[in-house]
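Enquirer: I am attaching a structure below and will ask some questions about it afterwards.
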Amino acid sequence: MASIEARGLRKSFGSTIALDGVDLHVEEGRILGLIGPNGAGKSTALNAILGLIPYQGELKVLGRNPWTEREQLMRDVSFIADVAVLPRWIRVSQAIDYVAGVHPRFRRAKAEALLAKTAIKRNSKVRELSKGMVAQLHLALVLAIDAKLLVLDEPTLGLDLLYRKQFYDSLLNDYFDRSRTIVITTHQVEEIQDVLTDLMFIDRGRIVLTCSMEEFESRYAQVMVSPEHLATARQYGPIHERSLFGRSVLLFDHADRQQLAALGEVRTPSIADLFVAVMGNQPAQSQGASR
Amino acid sequence: MNLPSSTMPDLPIESQDTTDTQQPTRPLYWSIRRELWENRSIYIAPLVAAALFLFGFLFSTIRLPQTIRGLSALDPVRQRAVLTLPYSAAASLILLTGFVVGMLYCLDALNSERRDRSILFWKSLPVSDRTTVLAKAGIPMVVLPLLTFLMALALQWVMLLLSTAVLAVNGLSPIPLWTRVPVFQLTLVMFYGLTIHALWFAPLYGWLLLVSAWSRRAAFLWALLPFFALLVVERLALGTSYVASLMKYRLMGAMAEGFQNAGSAPVSRLSQLTPGTFLSAPGLWIGLALAVAFLALAMRLRRDREPI
């Protein structure tokens, strides 16, 4: 069964179009990264999926309409919508009690075990915790919920490197199994490259690229070319070109790797490289390469 | 930084019973608990009022032996009134505090969760907007009346025991006090008064919750402004004051409809209660219908509204 199924998803705020006909299909057991520049519509898409805002178009999350069935949906979906949305007045113990009291799939023992690995004290209030600790607490609460779909919107925003690393380790080791689906948006794309199974770029309310990570690795190739080979390399139709230390870095889509190997070392690009290439090409829509 | 990690026992992360074990949940109960965690003024304010009153009452007990000695000079009705007054005043003060706390609470209840963005956390849990709004409406309509009732009752008993002790120290019998202060009637009157006010004020609480869900800021102004605008417009355009009398009726109506000649003396007799009149007052039922409409609207708004 598809976890998320959207067709022609639209949302506008006044005259601003946030989602312009988005089609989305996320299978169970995938970890999807939704990547896009600021204001691309990532959060709007996630908010629609979570039943936080009304929308136009068709949308089914775990077979339910999120806008009309939010309460039932939240038994199987958990999310961190933003950092720092835990109420500042709540005590750690109260937060655990509350979630345990309202959520049928919350496992208190698991939350306690996750918290035991941190320095968070049980009787502290959220306002007394550091930003990283609040994120740890929220994550412990969410990971202790046996959900089918987990949505993370910028879960590590404003956290230092150490916490960010721990966050994704915890996500993969303590939580993910093949029956769960995770959707993540973030600006720190380099951190999630190894985490994802699927990748989606969104820009100005439209999906501009969607592929699995296996496809990503076989499709895209990056070569660093010295000036004498540049003309040859350009004939193979790179989708993006930039210069680095007097040499050129070219990014190819569906190119013959053996041909490219003659020009220089072939590597799989990072998501960030591809993001720059795809987004950089967006506004002009010229026939590809140089910008 | 790494305090408890070594001292905590290592719990197994993944328990074996990973089958679809669903725990029973009590969303309404926990939603009300959560309101009490966040808004501690709900019980602190009446407690403070009670403490202040008790403090004042302590000083007044100095004159108590004198009052008891001079009692026989008064006619029985006066005797009763003089001795009962502090007890109904104590109840009035605490109940009034409860109403004020309830109004202020409602005005903020659906606003603060949007201001601090915690609504995104609450909405990530399987608790419906209906449950949330009902829990919030339940604070001024059920929780506060019950709390203030118990506090006022406790305060009256403390006052009574204290007076008895003072009289005993002065070598006086507490019998006149115990026979003239109608303790049990007072309790019943208090309970009745709280019930009719909870029902009568329901549209006020509903309106304040609605404004709190709707307004982005200055909820206080939005709550009052429409009425004052209507009041002024009516006065200028028609020269009448129906709005003003309606507002007054909503604030004082429960006393007028629920009690016989209230306001002239402290209510201490069960014969002064008029539940029949109260229940047959159209104002009660119109108010309740309005309250239901306001709460339904507030539930809808909570679904639609985003963090501020």
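Quick note on naming: the chains in the structure tokens go A, B, ... in the order shown, residues restart at 1 in each chain, and ligands are numbered from 1 in order of appearance.
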At a cut-off of 7 Å, can you tabulate as a Markdown table every residue of chain A near chain B together with its closest atom pair and the distance in Å to one decimal, using only C-alpha atoms and ordering rows by chain then number?
Expert:
```
| residue | atom | partner | partner_atom | distance |
| --- | --- | --- | --- | --- |
| A:Ile53 | CA | B:Asp304 | CA | 6.4 |
| A:Glu71 | CA | B:Pro126 | CA | 4.6 |
| A:Gln72 | CA | B:Pro126 | CA | 6.3 |
| A:Met74 | CA | B:Pro126 | CA | 4.7 |
| A:Arg75 | CA | B:Pro126 | CA | 5.5 |
| A:Ser78 | CA | B:Ser124 | CA | 6.0 |
| A:Phe79 | CA | B:Ser124 | CA | 6.0 |
| A:Ala81 | CA | B:Leu120 | CA | 6.4 |
| A:Val85 | CA | B:Ser118 | CA | 4.5 |
| A:Leu86 | CA | B:Ser118 | CA | 5.5 |
| A:Pro87 | CA | B:Ser118 | CA | 5.1 |
| A:Trp89 | CA | B:Glu38 | CA | 6.4 |
| A:Tyr98 | CA | B:Trp30 | CA | 6.1 |
| A:Gly101 | CA | B:Thr25 | CA | 5.3 |
| A:Val102 | CA | B:Pro27 | CA | 4.8 |
| A:His103 | CA | B:Thr25 | CA | 6.3 |
| A:Pro104 | CA | B:Gln23 | CA | 4.6 |
| A:Arg105 | CA | B:Gln22 | CA | 5.5 |
| A:Lys110 | CA | B:Ile13 | CA | 5.4 |
| A:Ala113 | CA | B:Leu11 | CA | 5.4 |
| A:Ala116 | CA | B:Ser5 | CA | 5.5 |
| A:Lys117 | CA | B:Ser5 | CA | 5.1 |
| A:Thr118 | CA | B:Ser5 | CA | 6.3 |
| A:Ala119 | CA | B:Asn2 | CA | 5.1 |
```
Enquirer: Skipping near chain neighbours, those fewer than 5 positions away, what residues fall within 12 Å of Trp285 of chain B using only C-alpha atoms, listed as a ChimeraX atom specification?
Expert: /B:196,199-203,278-280,290-292
Enquirer: Include N, CA and C atoms and write out the residues we just selected as an mmCIF file, in the first residue's frame.
Expert:
```
data_model
loop_
_atom_site.group_PDB
_atom_site.id
_atom_site.type_symbol
_atom_site.label_atom_id
_atom_site.label_comp_id
_atom_site.auth_asym_id
_atom_site.auth_seq_id
_atom_site.Cartn_x
_atom_site.Cartn_y
_atom_site.Cartn_z
ATOM 1 N N ILE B 196 -25.971 27.076 38.766
ATOM 2 C CA ILE B 196 -26.728 27.973 37.894
ATOM 3 C C ILE B 196 -25.802 28.975 37.210
ATOM 4 N N LEU B 199 -24.082 27.370 34.189
ATOM 5 C CA LEU B 199 -25.003 27.306 33.052
ATOM 6 C C LEU B 199 -25.259 28.689 32.466
ATOM 7 N N TRP B 200 -25.460 29.646 33.349
ATOM 8 C CA TRP B 200 -25.795 30.997 32.904
ATOM 9 C C TRP B 200 -24.624 31.666 32.184
ATOM 10 N N PHE B 201 -23.429 31.423 32.668
ATOM 11 C CA PHE B 201 -22.237 32.042 32.066
ATOM 12 C C PHE B 201 -21.711 31.257 30.861
ATOM 13 N N ALA B 202 -22.316 30.093 30.570
ATOM 14 C CA ALA B 202 -21.807 29.262 29.472
ATOM 15 C C ALA B 202 -21.578 30.055 28.180
ATOM 16 N N PRO B 203 -22.533 30.903 27.763
ATOM 17 C CA PRO B 203 -22.277 31.649 26.519
ATOM 18 C C PRO B 203 -21.104 32.622 26.651
ATOM 19 N N PHE B 278 -35.615 29.718 37.399
ATOM 20 C CA PHE B 278 -34.358 29.717 36.653
ATOM 21 C C PHE B 278 -34.466 28.859 35.403
ATOM 22 N N LEU B 279 -34.984 27.647 35.583
ATOM 23 C CA LEU B 279 -35.043 26.709 34.459
ATOM 24 C C LEU B 279 -36.040 27.145 33.397
ATOM 25 N N SER B 280 -37.034 27.962 33.794
ATOM 26 C CA SER B 280 -38.012 28.367 32.790
ATOM 27 C C SER B 280 -37.667 29.725 32.188
ATOM 28 N N LEU B 290 -26.500 29.525 22.421
ATOM 29 C CA LEU B 290 -25.385 30.342 21.947
ATOM 30 C C LEU B 290 -24.048 29.689 22.313
ATOM 31 N N ALA B 291 -23.968 29.171 23.542
ATOM 32 C CA ALA B 291 -22.729 28.548 24.000
ATOM 33 C C ALA B 291 -22.357 27.379 23.091
ATOM 34 N N VAL B 292 -23.352 26.554 22.749
ATOM 35 C CA VAL B 292 -23.090 25.410 21.867
ATOM 36 C C VAL B 292 -22.579 25.905 20.512
#
```
Enquirer: Write out as a PyMOL selection string all residues of segment 33-218 of chain A that DSSP puts in helix (DSSP H, G or I) for this structure's backbone.
Expert: chain A and resi 42-49+70-73+92-102+108-116+126-128+131-143+161-175+189-192+213-218
Enquirer: For those residues, write C-alpha atoms to a file as a PDB file, in the first residue's frame.
Expert:
```pdb
ATOM      1  CA  LYS A  42       7.943  21.815   1.304  1.00  0.00           C
ATOM      2  CA  SER A  43       6.308  22.700   4.576  1.00  0.00           C
ATOM      3  CA  THR A  44       2.999  23.392   2.871  1.00  0.00           C
ATOM      4  CA  ALA A  45       3.073  19.917   1.340  1.00  0.00           C
ATOM      5  CA  LEU A  46       3.885  18.347   4.697  1.00  0.00           C
ATOM      6  CA  ASN A  47       1.217  20.387   6.477  1.00  0.00           C
ATOM      7  CA  ALA A  48      -1.362  19.187   3.964  1.00  0.00           C
ATOM      8  CA  ILE A  49      -0.216  15.589   4.475  1.00  0.00           C
ATOM      9  CA  ARG A  70      -6.734  14.001  11.370  1.00  0.00           C
ATOM     10  CA  GLU A  71      -7.503  12.471  14.749  1.00  0.00           C
ATOM     11  CA  GLN A  72      -7.645   8.884  13.448  1.00  0.00           C
ATOM     12  CA  LEU A  73      -4.669   9.485  11.181  1.00  0.00           C
ATOM     13  CA  VAL A  92       9.564  16.263  30.890  1.00  0.00           C
ATOM     14  CA  SER A  93       7.600  13.855  33.071  1.00  0.00           C
ATOM     15  CA  GLN A  94       4.335  15.593  32.190  1.00  0.00           C
ATOM     16  CA  ALA A  95       5.071  15.393  28.474  1.00  0.00           C
ATOM     17  CA  ILE A  96       5.634  11.641  28.799  1.00  0.00           C
ATOM     18  CA  ASP A  97       2.486  11.195  30.898  1.00  0.00           C
ATOM     19  CA  TYR A  98       0.413  13.178  28.453  1.00  0.00           C
ATOM     20  CA  VAL A  99       1.540  11.345  25.327  1.00  0.00           C
ATOM     21  CA  ALA A 100       1.140   8.013  27.131  1.00  0.00           C
ATOM     22  CA  GLY A 101      -2.354   9.060  28.145  1.00  0.00           C
ATOM     23  CA  VAL A 102      -3.595  10.019  24.702  1.00  0.00           C
ATOM     24  CA  ARG A 108       6.700   4.563  27.681  1.00  0.00           C
ATOM     25  CA  ALA A 109       9.600   2.184  28.278  1.00  0.00           C
ATOM     26  CA  LYS A 110      11.125   3.080  24.954  1.00  0.00           C
ATOM     27  CA  ALA A 111      10.827   6.810  25.589  1.00  0.00           C
ATOM     28  CA  GLU A 112      12.421   6.346  29.015  1.00  0.00           C
ATOM     29  CA  ALA A 113      15.250   4.338  27.493  1.00  0.00           C
ATOM     30  CA  LEU A 114      15.925   6.979  24.853  1.00  0.00           C
ATOM     31  CA  LEU A 115      15.879   9.730  27.473  1.00  0.00           C
ATOM     32  CA  ALA A 116      18.218   7.755  29.707  1.00  0.00           C
ATOM     33  CA  VAL A 126      11.163  22.459  28.589  1.00  0.00           C
ATOM     34  CA  ARG A 127      12.110  26.120  29.044  1.00  0.00           C
ATOM     35  CA  GLU A 128      15.057  25.043  31.190  1.00  0.00           C
ATOM     36  CA  LYS A 131      17.776  23.710  22.240  1.00  0.00           C
ATOM     37  CA  GLY A 132      19.513  20.427  21.547  1.00  0.00           C
ATOM     38  CA  MET A 133      17.907  18.806  24.571  1.00  0.00           C
ATOM     39  CA  VAL A 134      14.441  19.936  23.496  1.00  0.00           C
ATOM     40  CA  ALA A 135      15.058  18.294  20.134  1.00  0.00           C
ATOM     41  CA  GLN A 136      16.253  15.132  21.895  1.00  0.00           C
ATOM     42  CA  LEU A 137      13.156  15.109  24.078  1.00  0.00           C
ATOM     43  CA  HIS A 138      10.831  15.602  21.146  1.00  0.00           C
ATOM     44  CA  LEU A 139      12.603  12.879  19.220  1.00  0.00           C
ATOM     45  CA  ALA A 140      12.397  10.489  22.175  1.00  0.00           C
ATOM     46  CA  LEU A 141       8.635  11.101  22.402  1.00  0.00           C
ATOM     47  CA  VAL A 142       8.114  10.634  18.688  1.00  0.00           C
ATOM     48  CA  LEU A 143      10.355   7.601  18.273  1.00  0.00           C
ATOM     49  CA  LEU A 161      26.728  19.151  14.419  1.00  0.00           C
ATOM     50  CA  LEU A 162      26.931  16.626  17.242  1.00  0.00           C
ATOM     51  CA  TYR A 163      23.194  16.604  17.891  1.00  0.00           C
ATOM     52  CA  ARG A 164      22.433  16.412  14.190  1.00  0.00           C
ATOM     53  CA  LYS A 165      24.615  13.349  13.812  1.00  0.00           C
ATOM     54  CA  GLN A 166      23.051  11.697  16.868  1.00  0.00           C
ATOM     55  CA  PHE A 167      19.613  12.537  15.582  1.00  0.00           C
ATOM     56  CA  TYR A 168      19.987  10.622  12.336  1.00  0.00           C
ATOM     57  CA  ASP A 169      21.840   7.753  13.995  1.00  0.00           C
ATOM     58  CA  SER A 170      19.009   7.404  16.459  1.00  0.00           C
ATOM     59  CA  LEU A 171      16.472   7.567  13.666  1.00  0.00           C
ATOM     60  CA  LEU A 172      18.080   4.746  11.733  1.00  0.00           C
ATOM     61  CA  ASN A 173      19.169   2.530  14.597  1.00  0.00           C
ATOM     62  CA  ASP A 174      16.348   2.859  17.094  1.00  0.00           C
ATOM     63  CA  TYR A 175      13.425   3.418  14.826  1.00  0.00           C
ATOM     64  CA  VAL A 189      21.194  17.761   2.463  1.00  0.00           C
ATOM     65  CA  GLU A 190      24.690  16.343   2.876  1.00  0.00           C
ATOM     66  CA  GLU A 191      23.663  14.812   6.204  1.00  0.00           C
ATOM     67  CA  ILE A 192      20.820  12.783   4.827  1.00  0.00           C
ATOM     68  CA  MET A 213      18.733   6.688  -4.470  1.00  0.00           C
ATOM     69  CA  GLU A 214      19.721   3.625  -6.534  1.00  0.00           C
ATOM     70  CA  GLU A 215      18.526   5.437  -9.607  1.00  0.00           C
ATOM     71  CA  PHE A 216      20.328   8.552  -8.432  1.00  0.00           C
ATOM     72  CA  GLU A 217      23.598   6.669  -8.184  1.00  0.00           C
ATOM     73  CA  SER A 218      23.326   5.036 -11.588  1.00  0.00           C
TER      74      SER A 218
END
```
Enquirer: Can you pull out every residue from segment 18-204 of chain A that DSSP, working from the backbone, puts in strand (DSSP E), and format the result as a ChimeraX atom specification?
Expert: /A:18-27,31-35,56-61,77-80,149-153,181-185,198-203
Enquirer: Neighbouring residues of His25 of chain A were defined as those with any atom within 9 Å, considering only C-alpha atoms; residues of the same chain fewer than 2 positions away were excluded. Please report them as a list of chain:residue names.
Expert: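 Here the qualifying residues turn out to be A:Ala2, A:Ser3, A:Ile4, A:Glu5, A:Ala6, A:Arg7, A:Asp23, A:Glu27.
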Enquirer: Excluding segment 51-68 of chain B and residues on its chain fewer than 4 positions from it, collect all residues at most 12 Å away from it, counting only C-alpha atoms, and give them as a ChimeraX atom specification.
Expert: /B:44-47,72-74,78-80,82-83,85-94,97,151-152,154-178,180
Enquirer: Could you tell me how far atom CA of Ala144 of chain A lies from atom CA of His187 of chain A, in Å and to one decimal?
Expert: 25.5 Å
Enquirer: Given the choices B:Ala50, B:Ala293, B:Leu204, B:Ala298, which gets closest to Leu224 of chain B if the distance is worked out from only C-alpha atoms?
Expert: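 Comparing B:Ala50, B:Ala293, B:Leu204, B:Ala298 against Leu224 of chain B, the winner is B:Leu204.
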